[in-house]
Amino acid sequence: MDSIVSNSSGYDQSVDWVPLSLTFVEYPKGNIFGKLLALFSLTPFVILSGFISLILFRRDLHTITFFIGVLLNEICNTVLKHILREPRPLARNTNLLYSEYGMPSSHSQFMWFFASYMLYFTFIRLQYANNKAFKEFFWKVAGAASCIAIACIVSYSRIFLQYHTWKQVIYGALFGIIIGTIWFTIINVVLTPYFPTVISWKISELFLLRDTTLIPNVLWFEYTNIRHEAGARARRRKSISAKSQ
């Protein structure tokens, strides 16, 4: 009955449909741990969503160049896969998700690129201005440890879920760390000196691009500025209200 309705609906029944492998993750049925790891394996897409949100709403050159590095890292992964041509561990009966090569793991390479870059950014670029050395060090260590822990979990998830071998994940991590280190060096040594020039361009003004390189702690800077501005506006409002009475 269902097939009769489908055939009479005008749709082409000869078309083969396949899942989008980017977000299609399988895990052992009834395995809560496997389901949790499957969710963690989607972390790269959460990070990419965060990048897009930050670029749209903050327009900071450092964030934009960081994101460009993420894209270059993905291009390098694709090139390496087609050079090495090592297959995935085909442990399932379906080949739908294994049309790509497995060496190196793109999830592992992505996460360790991100983790290594954030590690350098946290301890080299990010500086606090509130003179609380212990608190500063604590939050730096906590942030760096969180990035490394999530990278480890995502990497292990690719092995547990049988999408990659240990070797493919380890090489992915190594390539990610190497590319992350190189890209951080390029941004801070080569590109950052040109940021003031870039933001002076008319096209940068059109897109409201900004450079926060010389601000030691952007979060603290924005917090204090917004707090000061909100207080000033509140005082002006009270003054106007008092005069009108």
# chains A, B, ... in the order shown; residues from 1 in each chain; ligands from 1
call {"tool": "closest_atom_pairs", "arguments": {"of": "region 173-245 of chain A", "to": "region 55-66 of chain A", "cutoff": "12 Å", "atoms": "only C-alpha atoms", "output": "JSON lines"}}
result
{"residue": "A:Ile179", "atom": "CA", "partner": "A:Phe66", "partner_atom": "CA", "distance": 11.8}
{"residue": "A:Gly180", "atom": "CA", "partner": "A:Phe66", "partner_atom": "CA", "distance": 9.5}
{"residue": "A:Thr181", "atom": "CA", "partner": "A:Phe66", "partner_atom": "CA", "distance": 11.7}
{"residue": "A:Ile182", "atom": "CA", "partner": "A:Phe66", "partner_atom": "CA", "distance": 11.8}
{"residue": "A:Trp183", "atom": "CA", "partner": "A:Phe66", "partner_atom": "CA", "distance": 8.1}
{"residue": "A:Phe184", "atom": "CA", "partner": "A:Phe66", "partner_atom": "CA", "distance": 8.1}
{"residue": "A:Thr185", "atom": "CA", "partner": "A:Phe66", "partner_atom": "CA", "distance": 11.3}
{"residue": "A:Ile186", "atom": "CA", "partner": "A:Thr65", "partner_atom": "CA", "distance": 10.0}
{"residue": "A:Ile187", "atom": "CA", "partner": "A:Thr65", "partner_atom": "CA", "distance": 7.3}
{"residue": "A:Asn188", "atom": "CA", "partner": "A:His62", "partner_atom": "CA", "distance": 9.2}
{"residue": "A:Val190", "atom": "CA", "partner": "A:Thr65", "partner_atom": "CA", "distance": 11.7}
{"residue": "A:Leu191", "atom": "CA", "partner": "A:Thr65", "partner_atom": "CA", "distance": 8.7}
{"residue": "A:Thr192", "atom": "CA", "partner": "A:His62", "partner_atom": "CA", "distance": 7.9}
{"residue": "A:Pro193", "atom": "CA", "partner": "A:His62", "partner_atom": "CA", "distance": 11.5}
{"residue": "A:Tyr194", "atom": "CA", "partner": "A:Leu61", "partner_atom": "CA", "distance": 10.4}
{"residue": "A:Phe195", "atom": "CA", "partner": "A:Leu61", "partner_atom": "CA", "distance": 7.1}
{"residue": "A:Pro196", "atom": "CA", "partner": "A:Leu61", "partner_atom": "CA", "distance": 9.8}
{"residue": "A:Thr197", "atom": "CA", "partner": "A:Leu61", "partner_atom": "CA", "distance": 11.4}
{"residue": "A:Val198", "atom": "CA", "partner": "A:Leu61", "partner_atom": "CA", "distance": 8.8}
{"residue": "A:Ile199", "atom": "CA", "partner": "A:Leu61", "partner_atom": "CA", "distance": 8.4}
{"residue": "A:Ser204", "atom": "CA", "partner": "A:Arg59", "partner_atom": "CA", "distance": 9.5}
{"residue": "A:Glu205", "atom": "CA", "partner": "A:Arg59", "partner_atom": "CA", "distance": 10.6}
{"residue": "A:Leu206", "atom": "CA", "partner": "A:Arg59", "partner_atom": "CA", "distance": 11.2}
{"residue": "A:Phe207", "atom": "CA", "partner": "A:Arg59", "partner_atom": "CA", "distance": 7.7}
{"residue": "A:Leu208", "atom": "CA", "partner": "A:Arg59", "partner_atom": "CA", "distance": 6.5}
{"residue": "A:Leu209", "atom": "CA", "partner": "A:Arg59", "partner_atom": "CA", "distance": 4.8}
{"residue": "A:Arg210", "atom": "CA", "partner": "A:Asp60", "partner_atom": "CA", "distance": 5.0}
{"residue": "A:Asp211", "atom": "CA", "partner": "A:Leu61", "partner_atom": "CA", "distance": 5.7}
{"residue": "A:Thr212", "atom": "CA", "partner": "A:Asp60", "partner_atom": "CA", "distance": 6.8}
{"residue": "A:Thr213", "atom": "CA", "partner": "A:His62", "partner_atom": "CA", "distance": 7.5}
{"residue": "A:Leu214", "atom": "CA", "partner": "A:His62", "partner_atom": "CA", "distance": 11.3}
{"residue": "A:Ile215", "atom": "CA", "partner": "A:Asp60", "partner_atom": "CA", "distance": 12.0}
{"residue": "A:Val218", "atom": "CA", "partner": "A:Asp60", "partner_atom": "CA", "distance": 10.7}
{"residue": "A:Leu219", "atom": "CA", "partner": "A:Arg58", "partner_atom": "CA", "distance": 11.9}
{"residue": "A:Glu222", "atom": "CA", "partner": "A:Arg58", "partner_atom": "CA", "distance": 11.4}
call {"tool": "residues_around", "arguments": {"residues": "region 40-53 of chain A", "least_positions_apart": "3", "cutoff": "12 Å", "atoms": "only C-alpha atoms", "output": "ChimeraX atom specification"}}
result
/A:21-27,33-37,56-60,62-71,74,105-115,147,149-161,163
call {"tool": "select_by_dssp", "arguments": {"residues": "region 139-242 of chain A", "states": "helix (DSSP H, G or I)", "output": "compact mmCIF listing (two decimals) with N, CA and C atoms, in the first residue's frame"}}
result
# COMPACT_ATOMS: atom_id res chain seq x y z
N TRP A 139 42.54 29.76 35.67
CA TRP A 139 41.63 29.76 34.52
C TRP A 139 42.35 29.38 33.23
N LYS A 140 43.62 29.74 33.13
CA LYS A 140 44.40 29.34 31.96
C LYS A 140 44.56 27.82 31.90
N VAL A 141 44.95 27.25 33.05
CA VAL A 141 45.14 25.81 33.13
C VAL A 141 43.82 25.07 32.90
N ALA A 142 42.74 25.59 33.50
CA ALA A 142 41.43 24.95 33.35
C ALA A 142 40.98 24.98 31.89
N GLY A 143 41.18 26.11 31.23
CA GLY A 143 40.79 26.22 29.82
C GLY A 143 41.60 25.30 28.93
N ALA A 144 42.92 25.30 29.14
CA ALA A 144 43.80 24.45 28.33
C ALA A 144 43.50 22.97 28.58
N ALA A 145 43.30 22.60 29.85
CA ALA A 145 43.01 21.20 30.19
C ALA A 145 41.68 20.75 29.58
N SER A 146 40.70 21.65 29.55
CA SER A 146 39.40 21.32 28.96
C SER A 146 39.53 21.03 27.47
N CYS A 147 40.30 21.86 26.77
CA CYS A 147 40.51 21.65 25.33
C CYS A 147 41.20 20.32 25.06
N ILE A 148 42.23 20.02 25.85
CA ILE A 148 42.97 18.77 25.67
C ILE A 148 42.09 17.57 26.00
N ALA A 149 41.30 17.68 27.08
CA ALA A 149 40.42 16.57 27.48
C ALA A 149 39.37 16.27 26.41
N ILE A 150 38.76 17.32 25.86
CA ILE A 150 37.75 17.12 24.82
C ILE A 150 38.38 16.54 23.56
N ALA A 151 39.60 17.00 23.22
CA ALA A 151 40.30 16.45 22.06
C ALA A 151 40.58 14.96 22.25
N CYS A 152 40.96 14.58 23.46
CA CYS A 152 41.20 13.16 23.76
C CYS A 152 39.92 12.33 23.64
N ILE A 153 38.82 12.87 24.16
CA ILE A 153 37.54 12.14 24.12
C ILE A 153 37.06 11.96 22.68
N VAL A 154 37.13 13.03 21.90
CA VAL A 154 36.70 12.95 20.50
C VAL A 154 37.58 11.96 19.73
N SER A 155 38.88 12.02 19.98
CA SER A 155 39.80 11.10 19.30
C SER A 155 39.49 9.65 19.66
N TYR A 156 39.28 9.40 20.95
CA TYR A 156 38.95 8.02 21.37
C TYR A 156 37.61 7.57 20.81
N SER A 157 36.67 8.50 20.67
CA SER A 157 35.35 8.14 20.15
C SER A 157 35.44 7.57 18.74
N ARG A 158 36.38 8.06 17.95
CA ARG A 158 36.53 7.58 16.57
C ARG A 158 37.04 6.15 16.53
N ILE A 159 37.79 5.77 17.57
CA ILE A 159 38.29 4.39 17.66
C ILE A 159 37.20 3.48 18.22
N PHE A 160 36.56 3.91 19.30
CA PHE A 160 35.51 3.10 19.93
C PHE A 160 34.36 2.85 18.96
N TRP A 166 43.76 3.10 15.70
CA TRP A 166 44.60 3.89 16.61
C TRP A 166 45.62 4.69 15.81
N LYS A 167 46.22 4.05 14.82
CA LYS A 167 47.26 4.73 14.02
C LYS A 167 46.70 5.94 13.30
N GLN A 168 45.51 5.81 12.73
CA GLN A 168 44.90 6.92 12.00
C GLN A 168 44.58 8.09 12.92
N VAL A 169 44.15 7.78 14.14
CA VAL A 169 43.83 8.83 15.11
C VAL A 169 45.10 9.51 15.62
N ILE A 170 46.12 8.72 15.91
CA ILE A 170 47.38 9.28 16.42
C ILE A 170 48.03 10.18 15.37
N TYR A 171 48.07 9.72 14.13
CA TYR A 171 48.64 10.55 13.06
C TYR A 171 47.81 11.80 12.84
N GLY A 172 46.49 11.69 12.97
CA GLY A 172 45.64 12.86 12.86
C GLY A 172 45.98 13.88 13.94
N ALA A 173 46.19 13.39 15.16
CA ALA A 173 46.55 14.29 16.26
C ALA A 173 47.90 14.96 16.00
N LEU A 174 48.88 14.19 15.52
CA LEU A 174 50.21 14.75 15.24
C LEU A 174 50.14 15.83 14.16
N PHE A 175 49.44 15.53 13.08
CA PHE A 175 49.30 16.52 12.01
C PHE A 175 48.57 17.76 12.51
N GLY A 176 47.54 17.57 13.34
CA GLY A 176 46.79 18.70 13.89
C GLY A 176 47.67 19.59 14.76
N ILE A 177 48.49 18.98 15.62
CA ILE A 177 49.38 19.74 16.50
C ILE A 177 50.43 20.50 15.68
N ILE A 178 50.99 19.83 14.68
CA ILE A 178 52.01 20.47 13.84
C ILE A 178 51.44 21.66 13.08
N ILE A 179 50.28 21.45 12.44
CA ILE A 179 49.67 22.53 11.65
C ILE A 179 49.19 23.65 12.57
N GLY A 180 48.66 23.29 13.75
CA GLY A 180 48.22 24.30 14.71
C GLY A 180 49.38 25.16 15.19
N THR A 181 50.52 24.53 15.44
CA THR A 181 51.72 25.26 15.88
C THR A 181 52.22 26.20 14.79
N ILE A 182 52.26 25.69 13.55
CA ILE A 182 52.73 26.50 12.43
C ILE A 182 51.80 27.68 12.20
N TRP A 183 50.49 27.43 12.25
CA TRP A 183 49.53 28.50 11.96
C TRP A 183 49.53 29.57 13.06
N PHE A 184 49.66 29.16 14.31
CA PHE A 184 49.74 30.13 15.39
C PHE A 184 50.98 31.02 15.22
N THR A 185 52.09 30.41 14.84
CA THR A 185 53.33 31.17 14.62
C THR A 185 53.16 32.14 13.46
N ILE A 186 52.53 31.70 12.38
CA ILE A 186 52.31 32.58 11.23
C ILE A 186 51.45 33.77 11.61
N ILE A 187 50.37 33.52 12.35
CA ILE A 187 49.48 34.61 12.73
C ILE A 187 50.20 35.62 13.62
N ASN A 188 50.90 35.14 14.64
CA ASN A 188 51.50 36.05 15.62
C ASN A 188 52.79 36.71 15.15
N VAL A 189 53.53 36.06 14.27
CA VAL A 189 54.79 36.63 13.81
C VAL A 189 54.64 37.36 12.47
N VAL A 190 53.85 36.81 11.56
CA VAL A 190 53.76 37.35 10.21
C VAL A 190 52.53 38.24 10.00
N LEU A 191 51.34 37.75 10.40
CA LEU A 191 50.10 38.44 10.05
C LEU A 191 49.71 39.56 11.02
N THR A 192 49.91 39.33 12.33
CA THR A 192 49.46 40.31 13.33
C THR A 192 50.01 41.72 13.11
N PRO A 193 51.29 41.91 12.73
CA PRO A 193 51.78 43.28 12.49
C PRO A 193 51.01 44.03 11.40
N TYR A 194 50.34 43.30 10.51
CA TYR A 194 49.60 43.95 9.42
C TYR A 194 48.14 44.23 9.79
N PHE A 195 47.69 43.75 10.95
CA PHE A 195 46.28 43.95 11.33
C PHE A 195 45.89 45.42 11.40
N PRO A 196 46.72 46.32 12.01
CA PRO A 196 46.34 47.74 12.04
C PRO A 196 46.14 48.33 10.64
N THR A 197 46.95 47.86 9.68
CA THR A 197 46.79 48.35 8.30
C THR A 197 45.51 47.83 7.68
N VAL A 198 45.22 46.55 7.94
CA VAL A 198 44.02 45.93 7.36
C VAL A 198 42.75 46.62 7.85
N ILE A 199 42.66 46.93 9.15
CA ILE A 199 41.44 47.53 9.67
C ILE A 199 41.28 48.98 9.24
N LYS A 202 39.02 50.69 3.68
CA LYS A 202 37.60 51.02 3.57
C LYS A 202 36.72 49.79 3.64
N ILE A 203 37.17 48.69 3.04
CA ILE A 203 36.37 47.47 3.06
C ILE A 203 36.26 46.91 4.48
N SER A 204 37.30 47.13 5.29
CA SER A 204 37.26 46.69 6.69
C SER A 204 36.24 47.51 7.48
N GLU A 205 36.18 48.81 7.17
CA GLU A 205 35.18 49.67 7.82
C GLU A 205 33.78 49.27 7.37
N LEU A 206 33.65 48.87 6.12
CA LEU A 206 32.35 48.45 5.61
C LEU A 206 31.82 47.23 6.35
N VAL A 218 40.41 40.63 26.29
CA VAL A 218 39.24 41.18 25.61
C VAL A 218 38.00 41.06 26.48
N LEU A 219 37.85 39.94 27.18
CA LEU A 219 36.66 39.73 28.02
C LEU A 219 36.60 40.78 29.13
N TRP A 220 37.75 41.00 29.79
CA TRP A 220 37.80 41.99 30.87
C TRP A 220 37.59 43.40 30.33
N PHE A 221 38.18 43.68 29.18
CA PHE A 221 38.03 44.99 28.55
C PHE A 221 36.56 45.27 28.22
N GLU A 222 35.90 44.30 27.59
CA GLU A 222 34.49 44.51 27.23
C GLU A 222 33.61 44.58 28.47
N TYR A 223 33.92 43.77 29.47
CA TYR A 223 33.13 43.79 30.70
C TYR A 223 33.20 45.16 31.37
N THR A 224 34.41 45.70 31.53
CA THR A 224 34.57 46.98 32.20
C THR A 224 33.98 48.12 31.38
N ASN A 225 34.15 48.08 30.05
CA ASN A 225 33.60 49.13 29.19
C ASN A 225 32.08 49.14 29.18
N ILE A 226 31.50 47.94 29.05
CA ILE A 226 30.04 47.85 29.04
C ILE A 226 29.47 48.25 30.39
N ARG A 227 30.14 47.84 31.46
CA ARG A 227 29.68 48.21 32.80
C ARG A 227 29.74 49.72 33.00
N HIS A 228 30.83 50.33 32.53
CA HIS A 228 30.98 51.78 32.64
C HIS A 228 29.93 52.50 31.80
N GLU A 229 29.71 52.02 30.57
CA GLU A 229 28.73 52.65 29.69
C GLU A 229 27.32 52.51 30.24
N ALA A 230 27.01 51.33 30.76
CA ALA A 230 25.67 51.10 31.33
C ALA A 230 25.45 52.01 32.53
N GLY A 231 26.48 52.16 33.38
CA GLY A 231 26.36 53.04 34.54
C GLY A 231 26.18 54.49 34.13
N ALA A 232 26.92 54.93 33.09
CA ALA A 232 26.81 56.31 32.62
C ALA A 232 25.42 56.59 32.06
N ARG A 233 24.89 55.64 31.31
CA ARG A 233 23.54 55.83 30.75
C ARG A 233 22.47 55.84 31.83
N ALA A 234 22.67 55.01 32.84
CA ALA A 234 21.71 54.98 33.95
C ALA A 234 21.71 56.31 34.69
N ARG A 235 22.90 56.88 34.89
CA ARG A 235 23.00 58.18 35.57
C ARG A 235 22.37 59.29 34.74
N ARG A 236 22.58 59.24 33.41
CA ARG A 236 21.96 60.24 32.54
C ARG A 236 20.44 60.15 32.57
N ARG A 237 19.96 58.91 32.59
CA ARG A 237 18.52 58.69 32.64
C ARG A 237 17.90 59.27 33.92
N LYS A 238 18.61 59.02 35.03
CA LYS A 238 18.12 59.56 36.32
C LYS A 238 18.14 61.07 36.33
N SER A 239 19.21 61.64 35.71
CA SER A 239 19.33 63.09 35.66
C SER A 239 18.20 63.71 34.83
N ILE A 240 17.90 63.10 33.68
CA ILE A 240 16.81 63.60 32.83
C ILE A 240 15.48 63.48 33.52
N SER A 241 15.29 62.33 34.21
CA SER A 241 14.04 62.10 34.93
C SER A 241 13.85 63.12 36.05
N ALA A 242 14.94 63.44 36.76
CA ALA A 242 14.88 64.41 37.86
C ALA A 242 14.56 65.81 37.34
call {"tool": "atom_distance", "arguments": {"atom1": "CA of Ser200 (chain A)", "atom2": "CA of Leu54 (chain A)"}}
result
20.8 Å
call {"tool": "atom_distance", "arguments": {"atom1": "CA of Tyr101 (chain A)", "atom2": "CA of Leu84 (chain A)"}}
result
8.3 Å
call {"tool": "decode", "arguments": {"residues": "region 35-73 of chain A", "atoms": "N, CA and C atoms", "output": "PDB file, in the first residue's frame"}}
result
ATOM      1  N   LYS A  35      26.739   5.992  22.906  1.00  0.00           N
ATOM      2  CA  LYS A  35      25.902   7.125  22.503  1.00  0.00           C
ATOM      3  C   LYS A  35      26.539   8.451  22.941  1.00  0.00           C
ATOM      4  N   LEU A  36      27.109   8.451  24.153  1.00  0.00           N
ATOM      5  CA  LEU A  36      27.777   9.646  24.658  1.00  0.00           C
ATOM      6  C   LEU A  36      28.982  10.002  23.792  1.00  0.00           C
ATOM      7  N   LEU A  37      29.753   8.977  23.401  1.00  0.00           N
ATOM      8  CA  LEU A  37      30.905   9.224  22.540  1.00  0.00           C
ATOM      9  C   LEU A  37      30.467   9.704  21.156  1.00  0.00           C
ATOM     10  N   ALA A  38      29.337   9.182  20.678  1.00  0.00           N
ATOM     11  CA  ALA A  38      28.807   9.635  19.390  1.00  0.00           C
ATOM     12  C   ALA A  38      28.461  11.121  19.449  1.00  0.00           C
ATOM     13  N   LEU A  39      27.895  11.544  20.573  1.00  0.00           N
ATOM     14  CA  LEU A  39      27.579  12.968  20.750  1.00  0.00           C
ATOM     15  C   LEU A  39      28.856  13.806  20.801  1.00  0.00           C
ATOM     16  N   PHE A  40      29.872  13.294  21.504  1.00  0.00           N
ATOM     17  CA  PHE A  40      31.136  14.016  21.588  1.00  0.00           C
ATOM     18  C   PHE A  40      31.811  14.128  20.220  1.00  0.00           C
ATOM     19  N   SER A  41      31.589  13.128  19.360  1.00  0.00           N
ATOM     20  CA  SER A  41      32.219  13.160  18.041  1.00  0.00           C
ATOM     21  C   SER A  41      31.667  14.278  17.166  1.00  0.00           C
ATOM     22  N   LEU A  42      30.558  14.892  17.584  1.00  0.00           N
ATOM     23  CA  LEU A  42      29.982  16.026  16.855  1.00  0.00           C
ATOM     24  C   LEU A  42      30.568  17.368  17.329  1.00  0.00           C
ATOM     25  N   THR A  43      31.505  17.323  18.272  1.00  0.00           N
ATOM     26  CA  THR A  43      32.109  18.550  18.818  1.00  0.00           C
ATOM     27  C   THR A  43      32.691  19.472  17.742  1.00  0.00           C
ATOM     28  N   PRO A  44      33.377  18.946  16.702  1.00  0.00           N
ATOM     29  CA  PRO A  44      33.894  19.850  15.666  1.00  0.00           C
ATOM     30  C   PRO A  44      32.827  20.740  15.044  1.00  0.00           C
ATOM     31  N   PHE A  45      31.612  20.221  14.896  1.00  0.00           N
ATOM     32  CA  PHE A  45      30.549  21.018  14.292  1.00  0.00           C
ATOM     33  C   PHE A  45      30.050  22.096  15.262  1.00  0.00           C
ATOM     34  N   VAL A  46      30.112  21.797  16.550  1.00  0.00           N
ATOM     35  CA  VAL A  46      29.772  22.811  17.561  1.00  0.00           C
ATOM     36  C   VAL A  46      30.808  23.936  17.520  1.00  0.00           C
ATOM     37  N   ILE A  47      32.084  23.559  17.399  1.00  0.00           N
ATOM     38  CA  ILE A  47      33.155  24.559  17.336  1.00  0.00           C
ATOM     39  C   ILE A  47      33.018  25.414  16.082  1.00  0.00           C
ATOM     40  N   LEU A  48      32.720  24.787  14.954  1.00  0.00           N
ATOM     41  CA  LEU A  48      32.540  25.540  13.713  1.00  0.00           C
ATOM     42  C   LEU A  48      31.373  26.518  13.830  1.00  0.00           C
ATOM     43  N   SER A  49      30.285  26.092  14.483  1.00  0.00           N
ATOM     44  CA  SER A  49      29.149  26.992  14.709  1.00  0.00           C
ATOM     45  C   SER A  49      29.564  28.176  15.573  1.00  0.00           C
ATOM     46  N   GLY A  50      30.417  27.907  16.585  1.00  0.00           N
ATOM     47  CA  GLY A  50      30.917  28.980  17.430  1.00  0.00           C
ATOM     48  C   GLY A  50      31.774  29.965  16.657  1.00  0.00           C
ATOM     49  N   PHE A  51      32.604  29.447  15.760  1.00  0.00           N
ATOM     50  CA  PHE A  51      33.431  30.315  14.926  1.00  0.00           C
ATOM     51  C   PHE A  51      32.567  31.248  14.080  1.00  0.00           C
ATOM     52  N   ILE A  52      31.561  30.675  13.432  1.00  0.00           N
ATOM     53  CA  ILE A  52      30.693  31.477  12.567  1.00  0.00           C
ATOM     54  C   ILE A  52      29.973  32.552  13.367  1.00  0.00           C
ATOM     55  N   SER A  53      29.505  32.191  14.571  1.00  0.00           N
ATOM     56  CA  SER A  53      28.819  33.165  15.429  1.00  0.00           C
ATOM     57  C   SER A  53      29.767  34.291  15.846  1.00  0.00           C
ATOM     58  N   LEU A  54      30.990  33.927  16.246  1.00  0.00           N
ATOM     59  CA  LEU A  54      31.965  34.933  16.667  1.00  0.00           C
ATOM     60  C   LEU A  54      32.334  35.871  15.519  1.00  0.00           C
ATOM     61  N   ILE A  55      32.524  35.308  14.334  1.00  0.00           N
ATOM     62  CA  ILE A  55      32.895  36.134  13.180  1.00  0.00           C
ATOM     63  C   ILE A  55      31.766  37.088  12.814  1.00  0.00           C
ATOM     64  N   LEU A  56      30.524  36.606  12.868  1.00  0.00           N
ATOM     65  CA  LEU A  56      29.386  37.450  12.506  1.00  0.00           C
ATOM     66  C   LEU A  56      29.161  38.576  13.504  1.00  0.00           C
ATOM     67  N   PHE A  57      29.353  38.292  14.804  1.00  0.00           N
ATOM     68  CA  PHE A  57      28.992  39.265  15.827  1.00  0.00           C
ATOM     69  C   PHE A  57      30.172  40.047  16.407  1.00  0.00           C
ATOM     70  N   ARG A  58      31.412  39.531  16.253  1.00  0.00           N
ATOM     71  CA  ARG A  58      32.566  40.233  16.827  1.00  0.00           C
ATOM     72  C   ARG A  58      33.446  40.867  15.748  1.00  0.00           C
ATOM     73  N   ARG A  59      33.562  40.233  14.604  1.00  0.00           N
ATOM     74  CA  ARG A  59      34.328  40.757  13.459  1.00  0.00           C
ATOM     75  C   ARG A  59      35.801  40.976  13.794  1.00  0.00           C
ATOM     76  N   ASP A  60      36.364  40.152  14.654  1.00  0.00           N
ATOM     77  CA  ASP A  60      37.757  40.315  15.069  1.00  0.00           C
ATOM     78  C   ASP A  60      38.685  39.603  14.089  1.00  0.00           C
ATOM     79  N   LEU A  61      39.761  40.278  13.678  1.00  0.00           N
ATOM     80  CA  LEU A  61      40.682  39.719  12.686  1.00  0.00           C
ATOM     81  C   LEU A  61      41.365  38.449  13.180  1.00  0.00           C
ATOM     82  N   HIS A  62      41.679  38.401  14.472  1.00  0.00           N
ATOM     83  CA  HIS A  62      42.341  37.202  14.994  1.00  0.00           C
ATOM     84  C   HIS A  62      41.424  35.985  14.886  1.00  0.00           C
ATOM     85  N   THR A  63      40.144  36.168  15.195  1.00  0.00           N
ATOM     86  CA  THR A  63      39.185  35.064  15.077  1.00  0.00           C
ATOM     87  C   THR A  63      39.047  34.631  13.625  1.00  0.00           C
ATOM     88  N   ILE A  64      39.024  35.595  12.718  1.00  0.00           N
ATOM     89  CA  ILE A  64      38.881  35.287  11.293  1.00  0.00           C
ATOM     90  C   ILE A  64      40.086  34.503  10.786  1.00  0.00           C
ATOM     91  N   THR A  65      41.289  34.937  11.156  1.00  0.00           N
ATOM     92  CA  THR A  65      42.490  34.226  10.711  1.00  0.00           C
ATOM     93  C   THR A  65      42.600  32.844  11.371  1.00  0.00           C
ATOM     94  N   PHE A  66      42.142  32.730  12.604  1.00  0.00           N
ATOM     95  CA  PHE A  66      42.082  31.423  13.274  1.00  0.00           C
ATOM     96  C   PHE A  66      41.177  30.486  12.481  1.00  0.00           C
ATOM     97  N   PHE A  67      40.025  30.999  12.076  1.00  0.00           N
ATOM     98  CA  PHE A  67      39.070  30.196  11.299  1.00  0.00           C
ATOM     99  C   PHE A  67      39.645  29.807   9.938  1.00  0.00           C
ATOM    100  N   ILE A  68      40.386  30.713   9.311  1.00  0.00           N
ATOM    101  CA  ILE A  68      41.047  30.381   8.051  1.00  0.00           C
ATOM    102  C   ILE A  68      42.018  29.221   8.257  1.00  0.00           C
ATOM    103  N   GLY A  69      42.715  29.223   9.392  1.00  0.00           N
ATOM    104  CA  GLY A  69      43.614  28.118   9.720  1.00  0.00           C
ATOM    105  C   GLY A  69      42.866  26.803   9.862  1.00  0.00           C
ATOM    106  N   VAL A  70      41.673  26.847  10.455  1.00  0.00           N
ATOM    107  CA  VAL A  70      40.841  25.638  10.573  1.00  0.00           C
ATOM    108  C   VAL A  70      40.505  25.084   9.190  1.00  0.00           C
ATOM    109  N   LEU A  71      40.131  25.974   8.270  1.00  0.00           N
ATOM    110  CA  LEU A  71      39.802  25.549   6.906  1.00  0.00           C
ATOM    111  C   LEU A  71      41.023  24.973   6.193  1.00  0.00           C
ATOM    112  N   LEU A  72      42.181  25.617   6.356  1.00  0.00           N
ATOM    113  CA  LEU A  72      43.411  25.108   5.746  1.00  0.00           C
ATOM    114  C   LEU A  72      43.786  23.745   6.316  1.00  0.00           C
ATOM    115  N   ASN A  73      43.547  23.567   7.611  1.00  0.00           N
ATOM    116  CA  ASN A  73      43.815  22.280   8.249  1.00  0.00           C
ATOM    117  C   ASN A  73      42.953  21.179   7.628  1.00  0.00           C
TER     118      ASN A  73
END
